[in-house]
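One structure below.
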Amino acid sequence: MALLEICCYSLECAMTAEQAGADRIELCAAPAQGGLTPSPGMLRRVRESVSIPVHPIIRPRGGDFCYTDEEFAVMLEDIAFVRELGYPGLVTGVLNEEGEVDSARMQKIIYAANGMAVTFHRAFDMCANPLKALDELSDLGVARILTSGQQPTAEQGLSLLRELKAHSRAPIIMAGAGVRLSNLSAFIAGGVDELHSSAGKHVASPMRYRNANVSMSSGAHADEYSRYVVDGEMVAAMKAALTPTRNFS
C-alpha cells in the first residue's frame with residue numbers, strides 16, 4: 001500500500017489531514033512560493049496538536065535552491081529549532097551553481113538533523129543529472145526524494161520515477177506534483193511507494209467588507225479573499241483508493 005503524504009500550510013490543514021487519514025504531513029508556509037519554512041508559532045502548535053509524523057520544510061526563500069552563506073546559516077538555525085521541538089523529519093534541498101547536489105552543505109544538514117529523516121525535495125527536479133544526484137543522496141543518507149520525475153507533473157514523469165526507484169540504493173522515491181485522486185491508479189500501477197499531494201481547494205474569505213482597489217500581493221491575479229486549504233474529503237477518498245480491499249468470502 002502506497003503511503004500518502006499531504007502538504008499542509010496551516011495548523012487547521014494539518015489537523016484536517018490527520019483526521020482524514022493522511023499517513024504523514026509536509027508542513028510549509030507560503031503556498032504561492034512553493035513552500036517556505038513555517039513560523040515558530042505554527043511549528044509549536046502543530047507539534048502539540050498532530051500525532052502523525054510531520055516533516056517541516058526548511059527553505060528560507062522562494063526561487064532557486066542555490067543559497068548564500070547567510071541563507072544557509074538560517075537554514076541550520078531552523079533545523080536546530082525543529083529538532084529541539086521533536087519533529088521526526090524535515091524536508092529540504094541545496095544545489096550548487098551547476099545544478100548538482102551541494103554535497104558539502106547537505107552533509108552539514110544531515111549532521112544538524114541528528115537522526116531525523118531528511119527528505120530531499122523537488123530541488124531534485126532542477127538537477128542536471130538525476131541518476132548522479134540519486135547516487136550522491138544515497139551516499140549522504142537521505143531518507144527519501146520528493147520528485148515529479150523532472151517533469152511538470154509526476155504523472156508525466158512516471159517513466160523517470162520508475163527508473164529512479166529501480167536505481168535507488170536506499171532513498172524512497174516519493175512522487176509529487178499533480179498527484180490527485182483521478183490519477184492514483186497510474187502511480188499504483190507504476191509501483192510508486194509514496195505519494196505527495198496538496199489535496200486542496202480554495203475557500204472564500206468570511207469577510208463581508210472587501211476593498212477591491214488594494215492588494216497585498218505582488219501577483220497580478222492574486223485573490224486576497226480566498227485561501228488554499230486541505231480538502232478532508234479528498235484526502236479520505238485518496239487514502240481509501242490506496243487501501244487494499246479484503247475479500248472475506
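Each chain of the C-alpha cells is named A, B, ... in the order shown, its residues numbered from 1; ligands are numbered from 1 in display order.
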
Q. Taking the backbone alone, and naming residues the way the document does, which bits of segment 33-107 of chain A are strand (DSSP E) by DSSP, as a count of residues only?
A. 7

Q. Counting only C-alpha atoms, what is within 10 Å of segment 179-184 of chain A, bar same-chain residues fewer than 2 positions away, as a PyMOL selection string?
A. chain A and resi 2+148+153-155+175-177+186-190+192+195-200+234-235+237-242

Those same residues - N, CA and C atoms - I'd like them written as a PDB file, in the first residue's frame.
```
ATOM      1  N   ALA A   2       0.643   2.154  -0.928  1.00  0.00           N
ATOM      2  CA  ALA A   2       1.427   3.383  -1.001  1.00  0.00           C
ATOM      3  C   ALA A   2       1.085   4.311   0.157  1.00  0.00           C
ATOM      4  N   SER A 148       8.942  15.001  -9.213  1.00  0.00           N
ATOM      5  CA  SER A 148       7.942  14.830 -10.271  1.00  0.00           C
ATOM      6  C   SER A 148       8.549  14.103 -11.464  1.00  0.00           C
ATOM      7  N   THR A 153       4.463  17.529 -14.096  1.00  0.00           N
ATOM      8  CA  THR A 153       3.669  16.734 -13.160  1.00  0.00           C
ATOM      9  C   THR A 153       4.311  15.371 -12.987  1.00  0.00           C
ATOM     10  N   ALA A 154       4.031  14.737 -11.870  1.00  0.00           N
ATOM     11  CA  ALA A 154       4.595  13.408 -11.606  1.00  0.00           C
ATOM     12  C   ALA A 154       4.039  12.361 -12.558  1.00  0.00           C
ATOM     13  N   GLU A 155       2.808  12.553 -13.016  1.00  0.00           N
ATOM     14  CA  GLU A 155       2.243  11.606 -13.976  1.00  0.00           C
ATOM     15  C   GLU A 155       3.040  11.642 -15.278  1.00  0.00           C
ATOM     16  N   ALA A 175       6.534  10.381  -5.241  1.00  0.00           N
ATOM     17  CA  ALA A 175       6.005  11.150  -6.364  1.00  0.00           C
ATOM     18  C   ALA A 175       5.221  12.350  -5.863  1.00  0.00           C
ATOM     19  N   GLY A 176       5.487  13.512  -6.431  1.00  0.00           N
ATOM     20  CA  GLY A 176       4.764  14.721  -6.064  1.00  0.00           C
ATOM     21  C   GLY A 176       4.667  15.678  -7.226  1.00  0.00           C
ATOM     22  N   ALA A 177       3.586  16.446  -7.264  1.00  0.00           N
ATOM     23  CA  ALA A 177       3.243  17.438  -8.288  1.00  0.00           C
ATOM     24  C   ALA A 177       2.117  16.871  -9.156  1.00  0.00           C
ATOM     25  N   ALA A 186      -2.445   5.267 -11.869  1.00  0.00           N
ATOM     26  CA  ALA A 186      -1.211   5.257 -12.664  1.00  0.00           C
ATOM     27  C   ALA A 186       0.005   5.070 -11.770  1.00  0.00           C
ATOM     28  N   PHE A 187      -0.002   5.699 -10.615  1.00  0.00           N
ATOM     29  CA  PHE A 187       1.135   5.571  -9.696  1.00  0.00           C
ATOM     30  C   PHE A 187       1.153   4.195  -9.040  1.00  0.00           C
ATOM     31  N   ILE A 188      -0.032   3.690  -8.716  1.00  0.00           N
ATOM     32  CA  ILE A 188      -0.111   2.339  -8.130  1.00  0.00           C
ATOM     33  C   ILE A 188       0.424   1.323  -9.132  1.00  0.00           C
ATOM     34  N   ALA A 189      -0.006   1.445 -10.389  1.00  0.00           N
ATOM     35  CA  ALA A 189       0.464   0.530 -11.427  1.00  0.00           C
ATOM     36  C   ALA A 189       1.966   0.681 -11.661  1.00  0.00           C
ATOM     37  N   GLY A 190       2.477   1.892 -11.459  1.00  0.00           N
ATOM     38  CA  GLY A 190       3.901   2.145 -11.649  1.00  0.00           C
ATOM     39  C   GLY A 190       4.762   1.721 -10.478  1.00  0.00           C
ATOM     40  N   VAL A 192       4.887   3.008  -7.405  1.00  0.00           N
ATOM     41  CA  VAL A 192       5.366   4.101  -6.555  1.00  0.00           C
ATOM     42  C   VAL A 192       5.010   3.801  -5.094  1.00  0.00           C
ATOM     43  N   LEU A 195       3.329   8.797  -2.050  1.00  0.00           N
ATOM     44  CA  LEU A 195       2.701   9.843  -2.856  1.00  0.00           C
ATOM     45  C   LEU A 195       2.529  11.104  -2.030  1.00  0.00           C
ATOM     46  N   HIS A 196       2.780  12.235  -2.674  1.00  0.00           N
ATOM     47  CA  HIS A 196       2.707  13.546  -2.024  1.00  0.00           C
ATOM     48  C   HIS A 196       1.670  14.381  -2.762  1.00  0.00           C
ATOM     49  N   SER A 197       0.703  14.910  -2.019  1.00  0.00           N
ATOM     50  CA  SER A 197      -0.375  15.671  -2.651  1.00  0.00           C
ATOM     51  C   SER A 197      -0.794  16.820  -1.752  1.00  0.00           C
ATOM     52  N   SER A 198      -1.232  17.917  -2.373  1.00  0.00           N
ATOM     53  CA  SER A 198      -1.827  19.009  -1.604  1.00  0.00           C
ATOM     54  C   SER A 198      -3.280  18.716  -1.269  1.00  0.00           C
ATOM     55  N   ALA A 199      -3.951  17.943  -2.130  1.00  0.00           N
ATOM     56  CA  ALA A 199      -5.347  17.553  -1.900  1.00  0.00           C
ATOM     57  C   ALA A 199      -6.155  18.756  -1.425  1.00  0.00           C
ATOM     58  N   GLY A 200      -6.002  19.870  -2.107  1.00  0.00           N
ATOM     59  CA  GLY A 200      -6.560  21.121  -1.599  1.00  0.00           C
ATOM     60  C   GLY A 200      -7.696  21.693  -2.406  1.00  0.00           C
ATOM     61  N   MET A 234     -11.314  14.866   0.162  1.00  0.00           N
ATOM     62  CA  MET A 234     -10.405  14.390  -0.885  1.00  0.00           C
ATOM     63  C   MET A 234      -9.299  13.524  -0.297  1.00  0.00           C
ATOM     64  N   VAL A 235      -8.741  13.929   0.841  1.00  0.00           N
ATOM     65  CA  VAL A 235      -7.712  13.114   1.490  1.00  0.00           C
ATOM     66  C   VAL A 235      -8.271  11.739   1.827  1.00  0.00           C
ATOM     67  N   ALA A 237     -10.755  10.176   0.430  1.00  0.00           N
ATOM     68  CA  ALA A 237     -11.001   9.414  -0.794  1.00  0.00           C
ATOM     69  C   ALA A 237      -9.700   8.860  -1.365  1.00  0.00           C
ATOM     70  N   MET A 238      -8.640   9.670  -1.323  1.00  0.00           N
ATOM     71  CA  MET A 238      -7.348   9.200  -1.813  1.00  0.00           C
ATOM     72  C   MET A 238      -6.818   8.061  -0.953  1.00  0.00           C
ATOM     73  N   LYS A 239      -6.954   8.202   0.350  1.00  0.00           N
ATOM     74  CA  LYS A 239      -6.492   7.146   1.256  1.00  0.00           C
ATOM     75  C   LYS A 239      -7.267   5.860   1.020  1.00  0.00           C
ATOM     76  N   ALA A 240      -8.578   5.981   0.809  1.00  0.00           N
ATOM     77  CA  ALA A 240      -9.390   4.795   0.546  1.00  0.00           C
ATOM     78  C   ALA A 240      -8.962   4.124  -0.752  1.00  0.00           C
ATOM     79  N   ALA A 241      -8.632   4.922  -1.757  1.00  0.00           N
ATOM     80  CA  ALA A 241      -8.211   4.369  -3.043  1.00  0.00           C
ATOM     81  C   ALA A 241      -6.870   3.648  -2.938  1.00  0.00           C
ATOM     82  N   LEU A 242      -6.056   4.042  -1.976  1.00  0.00           N
ATOM     83  CA  LEU A 242      -4.751   3.419  -1.797  1.00  0.00           C
ATOM     84  C   LEU A 242      -4.777   2.222  -0.861  1.00  0.00           C
TER      85      LEU A 242
END
```

Q: Rounded to one decimal place, report the atom CA of Met1 of chain A-atom CA of Ala22 of chain A distance in Å.
A: 12.9 Å

Among segment 6-121 of chain A, which ones does DSSP place in alpha helix (DSSP H), written as a short mmCIF file (atom, residue, chain, number, x, y, z; two decimals) with all heavy atoms, in the first residue's frame?
```cif
data_model
loop_
_atom_site.label_atom_id
_atom_site.label_comp_id
_atom_site.auth_asym_id
_atom_site.auth_seq_id
_atom_site.Cartn_x
_atom_site.Cartn_y
_atom_site.Cartn_z
N LEU A 11 -2.04 25.11 10.69
CA LEU A 11 -2.42 24.17 11.75
C LEU A 11 -3.75 23.52 11.41
O LEU A 11 -3.92 22.30 11.55
CB LEU A 11 -2.51 24.91 13.08
CG LEU A 11 -3.13 24.14 14.25
CD1 LEU A 11 -2.32 22.90 14.58
CD2 LEU A 11 -3.24 25.05 15.48
N GLU A 12 -4.72 24.31 10.96
CA GLU A 12 -6.03 23.79 10.61
C GLU A 12 -5.92 22.70 9.54
O GLU A 12 -6.54 21.63 9.63
CB GLU A 12 -6.93 24.92 10.12
CG GLU A 12 -8.31 24.47 9.66
CD GLU A 12 -9.10 25.61 9.04
OE1 GLU A 12 -8.50 26.64 8.68
OE2 GLU A 12 -10.33 25.46 8.92
N CYS A 13 -5.12 22.96 8.51
CA CYS A 13 -4.95 21.98 7.43
C CYS A 13 -4.28 20.71 7.94
O CYS A 13 -4.64 19.60 7.53
CB CYS A 13 -4.13 22.58 6.30
SG CYS A 13 -5.02 23.82 5.35
N ALA A 14 -3.30 20.85 8.81
CA ALA A 14 -2.62 19.68 9.36
C ALA A 14 -3.59 18.81 10.16
O ALA A 14 -3.58 17.57 10.05
CB ALA A 14 -1.45 20.11 10.23
N MET A 15 -4.44 19.43 10.94
CA MET A 15 -5.41 18.68 11.73
C MET A 15 -6.44 18.01 10.81
O MET A 15 -6.83 16.86 11.05
CB MET A 15 -6.09 19.62 12.73
CG MET A 15 -5.13 20.16 13.78
SD MET A 15 -5.84 21.43 14.86
CE MET A 15 -7.01 20.44 15.80
N THR A 16 -6.85 18.71 9.77
CA THR A 16 -7.79 18.12 8.80
C THR A 16 -7.17 16.91 8.12
O THR A 16 -7.82 15.86 7.97
CB THR A 16 -8.19 19.17 7.74
OG1 THR A 16 -8.87 20.24 8.37
CG2 THR A 16 -9.08 18.55 6.68
N ALA A 17 -5.91 17.04 7.70
CA ALA A 17 -5.24 15.94 7.02
C ALA A 17 -5.13 14.71 7.92
O ALA A 17 -5.36 13.57 7.48
CB ALA A 17 -3.85 16.39 6.55
N GLU A 18 -4.78 14.92 9.18
CA GLU A 18 -4.68 13.80 10.10
C GLU A 18 -6.03 13.12 10.29
O GLU A 18 -6.15 11.89 10.22
CB GLU A 18 -4.14 14.26 11.45
CG GLU A 18 -4.06 13.13 12.47
CD GLU A 18 -3.48 13.55 13.80
OE1 GLU A 18 -3.78 14.67 14.25
OE2 GLU A 18 -2.72 12.76 14.37
N GLN A 19 -7.07 13.92 10.53
CA GLN A 19 -8.40 13.36 10.75
C GLN A 19 -8.91 12.59 9.54
O GLN A 19 -9.68 11.63 9.68
CB GLN A 19 -9.36 14.48 11.13
CG GLN A 19 -9.08 15.10 12.49
CD GLN A 19 -9.76 16.44 12.69
OE1 GLN A 19 -10.53 16.90 11.85
NE2 GLN A 19 -9.47 17.08 13.81
N ALA A 20 -8.47 13.00 8.34
CA ALA A 20 -8.95 12.36 7.11
C ALA A 20 -8.15 11.11 6.75
O ALA A 20 -8.50 10.42 5.79
CB ALA A 20 -8.91 13.35 5.96
N PRO A 40 7.78 29.87 13.88
CA PRO A 40 7.91 29.17 15.16
C PRO A 40 6.55 28.86 15.81
O PRO A 40 6.36 27.78 16.37
CB PRO A 40 8.73 30.14 16.01
CG PRO A 40 9.55 30.90 15.02
CD PRO A 40 8.65 31.08 13.83
N GLY A 41 5.63 29.81 15.71
CA GLY A 41 4.31 29.58 16.30
C GLY A 41 3.60 28.41 15.66
O GLY A 41 3.02 27.56 16.35
N MET A 42 3.64 28.34 14.33
CA MET A 42 3.00 27.21 13.66
C MET A 42 3.69 25.90 14.00
O MET A 42 3.04 24.88 14.25
CB MET A 42 2.99 27.40 12.14
CG MET A 42 2.14 26.35 11.43
SD MET A 42 2.40 26.22 9.64
CE MET A 42 1.99 27.87 9.11
N LEU A 43 5.01 25.92 14.03
CA LEU A 43 5.76 24.71 14.34
C LEU A 43 5.41 24.19 15.75
O LEU A 43 5.22 22.98 15.94
CB LEU A 43 7.25 24.97 14.23
CG LEU A 43 7.79 25.11 12.80
CD1 LEU A 43 9.17 25.74 12.80
CD2 LEU A 43 7.83 23.75 12.10
N ARG A 44 5.32 25.09 16.70
CA ARG A 44 4.99 24.66 18.06
C ARG A 44 3.58 24.10 18.14
O ARG A 44 3.34 23.05 18.74
CB ARG A 44 5.14 25.84 19.03
CG ARG A 44 6.57 26.22 19.33
CD ARG A 44 6.64 27.12 20.55
NE ARG A 44 8.02 27.48 20.88
CZ ARG A 44 8.61 28.60 20.50
NH1 ARG A 44 7.95 29.49 19.76
NH2 ARG A 44 9.86 28.85 20.84
N ARG A 45 2.61 24.80 17.55
CA ARG A 45 1.21 24.38 17.66
C ARG A 45 0.95 23.06 16.93
O ARG A 45 0.22 22.21 17.43
CB ARG A 45 0.29 25.47 17.13
CG ARG A 45 0.22 26.72 18.01
CD ARG A 45 -0.24 26.39 19.44
NE ARG A 45 -1.49 25.65 19.47
CZ ARG A 45 -2.70 26.20 19.47
NH1 ARG A 45 -2.82 27.51 19.43
NH2 ARG A 45 -3.78 25.44 19.52
N VAL A 46 1.54 22.88 15.76
CA VAL A 46 1.36 21.63 15.04
C VAL A 46 1.99 20.47 15.81
O VAL A 46 1.40 19.39 15.91
CB VAL A 46 1.93 21.73 13.61
CG1 VAL A 46 1.97 20.35 12.94
CG2 VAL A 46 1.09 22.69 12.77
N ARG A 47 3.15 20.71 16.38
CA ARG A 47 3.81 19.65 17.15
C ARG A 47 2.95 19.23 18.33
O ARG A 47 2.89 18.04 18.69
CB ARG A 47 5.18 20.15 17.65
CG ARG A 47 6.00 19.05 18.33
CD ARG A 47 6.58 18.09 17.32
NE ARG A 47 7.31 17.02 17.98
CZ ARG A 47 6.88 15.77 18.10
NH1 ARG A 47 5.71 15.41 17.60
NH2 ARG A 47 7.61 14.85 18.71
N GLU A 48 2.26 20.19 18.93
CA GLU A 48 1.40 19.89 20.08
C GLU A 48 0.07 19.24 19.69
O GLU A 48 -0.53 18.53 20.48
CB GLU A 48 1.09 21.19 20.84
CG GLU A 48 2.31 21.83 21.50
CD GLU A 48 2.04 23.24 21.98
OE1 GLU A 48 0.91 23.74 21.73
OE2 GLU A 48 2.94 23.84 22.60
N SER A 49 -0.38 19.49 18.46
CA SER A 49 -1.76 19.15 18.09
C SER A 49 -1.91 17.95 17.16
O SER A 49 -3.01 17.42 17.02
CB SER A 49 -2.42 20.37 17.42
OG SER A 49 -2.33 21.52 18.23
N ASP A 69 25.81 32.09 1.93
CA ASP A 69 26.26 31.62 3.25
C ASP A 69 25.30 32.05 4.34
O ASP A 69 25.03 31.30 5.29
CB ASP A 69 27.67 32.17 3.55
CG ASP A 69 28.74 31.53 2.68
OD1 ASP A 69 28.48 30.46 2.08
OD2 ASP A 69 29.85 32.12 2.60
N GLU A 70 24.77 33.26 4.22
CA GLU A 70 23.85 33.77 5.24
C GLU A 70 22.54 32.99 5.22
O GLU A 70 21.99 32.64 6.28
CB GLU A 70 23.58 35.26 5.00
CG GLU A 70 24.77 36.18 5.27
CD GLU A 70 25.82 36.14 4.17
OE1 GLU A 70 25.52 35.64 3.06
OE2 GLU A 70 26.96 36.60 4.42
N GLU A 71 22.03 32.70 4.04
CA GLU A 71 20.80 31.91 3.93
C GLU A 71 20.99 30.51 4.48
O GLU A 71 20.11 29.97 5.17
CB GLU A 71 20.34 31.86 2.47
CG GLU A 71 19.79 33.18 1.95
CD GLU A 71 19.60 33.20 0.45
OE1 GLU A 71 20.27 32.41 -0.27
OE2 GLU A 71 18.77 34.01 -0.02
N PHE A 72 22.14 29.92 4.19
CA PHE A 72 22.40 28.57 4.69
C PHE A 72 22.53 28.55 6.20
O PHE A 72 22.07 27.61 6.87
CB PHE A 72 23.65 27.99 4.04
CG PHE A 72 23.88 26.55 4.38
CD1 PHE A 72 22.99 25.57 3.96
CD2 PHE A 72 24.99 26.17 5.11
CE1 PHE A 72 23.19 24.23 4.29
CE2 PHE A 72 25.20 24.83 5.44
CZ PHE A 72 24.29 23.86 5.03
N ALA A 73 23.10 29.59 6.77
CA ALA A 73 23.19 29.70 8.23
C ALA A 73 21.81 29.74 8.85
O ALA A 73 21.55 29.13 9.91
CB ALA A 73 24.00 30.94 8.62
N VAL A 74 20.88 30.45 8.21
CA VAL A 74 19.49 30.49 8.69
C VAL A 74 18.88 29.10 8.63
O VAL A 74 18.17 28.67 9.56
CB VAL A 74 18.66 31.49 7.85
CG1 VAL A 74 17.17 31.34 8.14
CG2 VAL A 74 19.11 32.92 8.13
N MET A 75 19.13 28.37 7.57
CA MET A 75 18.60 27.02 7.44
C MET A 75 19.08 26.11 8.58
O MET A 75 18.29 25.34 9.15
CB MET A 75 19.00 26.42 6.09
CG MET A 75 18.37 27.12 4.90
SD MET A 75 19.00 26.55 3.30
CE MET A 75 18.27 24.91 3.21
N LEU A 76 20.35 26.21 8.92
CA LEU A 76 20.87 25.39 10.02
C LEU A 76 20.24 25.78 11.35
O LEU A 76 19.96 24.91 12.20
CB LEU A 76 22.39 25.52 10.09
CG LEU A 76 23.17 24.94 8.91
CD1 LEU A 76 24.67 25.16 9.10
CD2 LEU A 76 22.88 23.45 8.71
N GLU A 77 19.98 27.07 11.54
CA GLU A 77 19.28 27.51 12.76
C GLU A 77 17.86 26.94 12.80
O GLU A 77 17.39 26.48 13.86
CB GLU A 77 19.23 29.03 12.81
CG GLU A 77 20.56 29.72 13.02
CD GLU A 77 20.99 29.73 14.48
OE1 GLU A 77 20.19 29.33 15.33
OE2 GLU A 77 22.13 30.15 14.74
N ASP A 78 17.18 26.96 11.67
CA ASP A 78 15.82 26.42 11.61
C ASP A 78 15.80 24.92 11.85
O ASP A 78 14.89 24.38 12.50
CB ASP A 78 15.18 26.74 10.26
CG ASP A 78 14.82 28.21 10.11
OD1 ASP A 78 14.65 28.89 11.14
OD2 ASP A 78 14.73 28.69 8.96
N ILE A 79 16.80 24.21 11.33
CA ILE A 79 16.89 22.77 11.58
C ILE A 79 17.07 22.49 13.06
O ILE A 79 16.44 21.58 13.62
CB ILE A 79 18.04 22.16 10.75
CG1 ILE A 79 17.68 22.18 9.26
CG2 ILE A 79 18.35 20.74 11.21
CD1 ILE A 79 18.83 21.83 8.35
N ALA A 80 17.93 23.27 13.72
CA ALA A 80 18.13 23.09 15.16
C ALA A 80 16.82 23.30 15.92
O ALA A 80 16.51 22.57 16.87
CB ALA A 80 19.20 24.07 15.66
N PHE A 81 16.02 24.26 15.47
CA PHE A 81 14.76 24.56 16.15
C PHE A 81 13.76 23.42 15.99
O PHE A 81 13.15 22.98 16.98
CB PHE A 81 14.17 25.85 15.59
CG PHE A 81 12.92 26.31 16.29
CD1 PHE A 81 12.95 26.74 17.60
CD2 PHE A 81 11.70 26.29 15.63
CE1 PHE A 81 11.80 27.15 18.25
CE2 PHE A 81 10.54 26.70 16.27
CZ PHE A 81 10.59 27.14 17.58
N VAL A 82 13.59 22.90 14.77
CA VAL A 82 12.62 21.81 14.59
C VAL A 82 13.10 20.53 15.26
O VAL A 82 12.29 19.73 15.75
CB VAL A 82 12.30 21.57 13.10
CG1 VAL A 82 11.70 22.82 12.46
CG2 VAL A 82 13.50 21.10 12.31
N ARG A 83 14.41 20.34 15.34
CA ARG A 83 14.94 19.17 16.05
C ARG A 83 14.63 19.28 17.54
O ARG A 83 14.21 18.30 18.18
CB ARG A 83 16.45 19.06 15.83
CG ARG A 83 17.05 17.76 16.38
CD ARG A 83 18.55 17.77 16.33
NE ARG A 83 19.10 18.73 17.28
CZ ARG A 83 19.95 19.71 16.97
NH1 ARG A 83 20.35 19.88 15.73
NH2 ARG A 83 20.40 20.52 17.90
N GLU A 84 14.81 20.47 18.10
CA GLU A 84 14.52 20.68 19.53
C GLU A 84 13.04 20.47 19.84
O GLU A 84 12.69 20.03 20.94
CB GLU A 84 14.96 22.08 19.95
CG GLU A 84 16.47 22.27 19.99
CD GLU A 84 16.88 23.73 20.09
OE1 GLU A 84 15.99 24.58 20.25
OE2 GLU A 84 18.10 24.01 20.00
N LEU A 85 12.19 20.78 18.89
CA LEU A 85 10.75 20.57 19.10
C LEU A 85 10.36 19.10 19.01
O LEU A 85 9.24 18.74 19.37
CB LEU A 85 9.95 21.37 18.07
CG LEU A 85 9.92 22.89 18.26
CD1 LEU A 85 9.16 23.55 17.12
CD2 LEU A 85 9.29 23.27 19.59
N SER A 103 26.78 18.64 -2.08
CA SER A 103 27.02 17.55 -1.12
C SER A 103 27.60 18.03 0.19
O SER A 103 27.26 17.51 1.27
CB SER A 103 27.94 16.49 -1.75
OG SER A 103 27.30 15.87 -2.84
N ALA A 104 28.48 19.03 0.13
CA ALA A 104 29.10 19.52 1.36
C ALA A 104 28.06 20.12 2.30
O ALA A 104 28.06 19.86 3.51
CB ALA A 104 30.18 20.54 1.03
N ARG A 105 27.16 20.92 1.73
CA ARG A 105 26.12 21.52 2.57
C ARG A 105 25.08 20.48 3.00
O ARG A 105 24.58 20.54 4.13
CB ARG A 105 25.46 22.68 1.83
CG ARG A 105 26.31 23.94 1.83
CD ARG A 105 25.63 25.08 1.14
NE ARG A 105 26.29 26.35 1.44
CZ ARG A 105 25.93 27.52 0.92
NH1 ARG A 105 24.92 27.57 0.06
NH2 ARG A 105 26.57 28.62 1.25
N MET A 106 24.74 19.55 2.12
CA MET A 106 23.79 18.51 2.52
C MET A 106 24.36 17.65 3.64
O MET A 106 23.63 17.21 4.53
CB MET A 106 23.41 17.65 1.32
CG MET A 106 22.43 18.29 0.35
SD MET A 106 20.85 18.80 1.14
CE MET A 106 20.28 17.24 1.83
N GLN A 107 25.67 17.43 3.62
CA GLN A 107 26.30 16.67 4.70
C GLN A 107 26.15 17.42 6.03
O GLN A 107 25.89 16.81 7.07
CB GLN A 107 27.77 16.43 4.38
CG GLN A 107 28.45 15.42 5.29
CD GLN A 107 29.81 15.00 4.75
OE1 GLN A 107 30.55 15.82 4.21
NE2 GLN A 107 30.14 13.74 4.89
N LYS A 108 26.28 18.75 5.99
CA LYS A 108 26.09 19.56 7.20
C LYS A 108 24.64 19.49 7.66
O LYS A 108 24.36 19.48 8.87
CB LYS A 108 26.50 21.00 6.94
CG LYS A 108 28.00 21.18 6.74
CD LYS A 108 28.36 22.64 6.46
CE LYS A 108 29.86 22.81 6.26
NZ LYS A 108 30.22 24.22 5.98
N ILE A 109 23.71 19.45 6.71
CA ILE A 109 22.29 19.34 7.07
C ILE A 109 22.01 18.00 7.74
O ILE A 109 21.31 17.94 8.76
CB ILE A 109 21.42 19.53 5.81
CG1 ILE A 109 21.39 21.01 5.42
CG2 ILE A 109 20.00 19.01 6.03
CD1 ILE A 109 20.73 21.30 4.09
N ILE A 110 22.54 16.91 7.18
CA ILE A 110 22.34 15.59 7.77
C ILE A 110 22.90 15.57 9.20
O ILE A 110 22.27 15.02 10.12
CB ILE A 110 23.03 14.50 6.91
CG1 ILE A 110 22.41 14.43 5.52
CG2 ILE A 110 22.97 13.15 7.61
CD1 ILE A 110 21.01 13.93 5.45
N TYR A 111 24.05 16.17 9.39
CA TYR A 111 24.67 16.22 10.72
C TYR A 111 23.80 17.05 11.67
O TYR A 111 23.55 16.65 12.81
CB TYR A 111 26.07 16.81 10.64
CG TYR A 111 26.78 16.91 11.97
CD1 TYR A 111 27.38 15.79 12.54
CD2 TYR A 111 26.82 18.12 12.66
CE1 TYR A 111 28.01 15.87 13.78
CE2 TYR A 111 27.45 18.22 13.89
CZ TYR A 111 28.05 17.10 14.45
OH TYR A 111 28.66 17.18 15.67
N ALA A 112 23.32 18.20 11.19
CA ALA A 112 22.49 19.06 12.04
C ALA A 112 21.16 18.41 12.38
O ALA A 112 20.60 18.62 13.46
CB ALA A 112 22.26 20.40 11.34
N ALA A 113 20.63 17.60 11.45
CA ALA A 113 19.35 16.94 11.69
C ALA A 113 19.48 15.87 12.77
O ALA A 113 18.48 15.52 13.42
CB ALA A 113 18.85 16.31 10.39
#
```

Q) Taking only C-alpha atoms into account, which of A:Gly62, A:Gly232, A:Gly99, A:Pro38 comes nearest Lys132 of chain A? A) A:Gly99

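For the set A:Leu3, A:Leu158, A:Ala128, A:Ala117, the residue with the smallest atom-to-atom gap to Val142 of chain A is A:Ala117, counting only C-alpha atoms.
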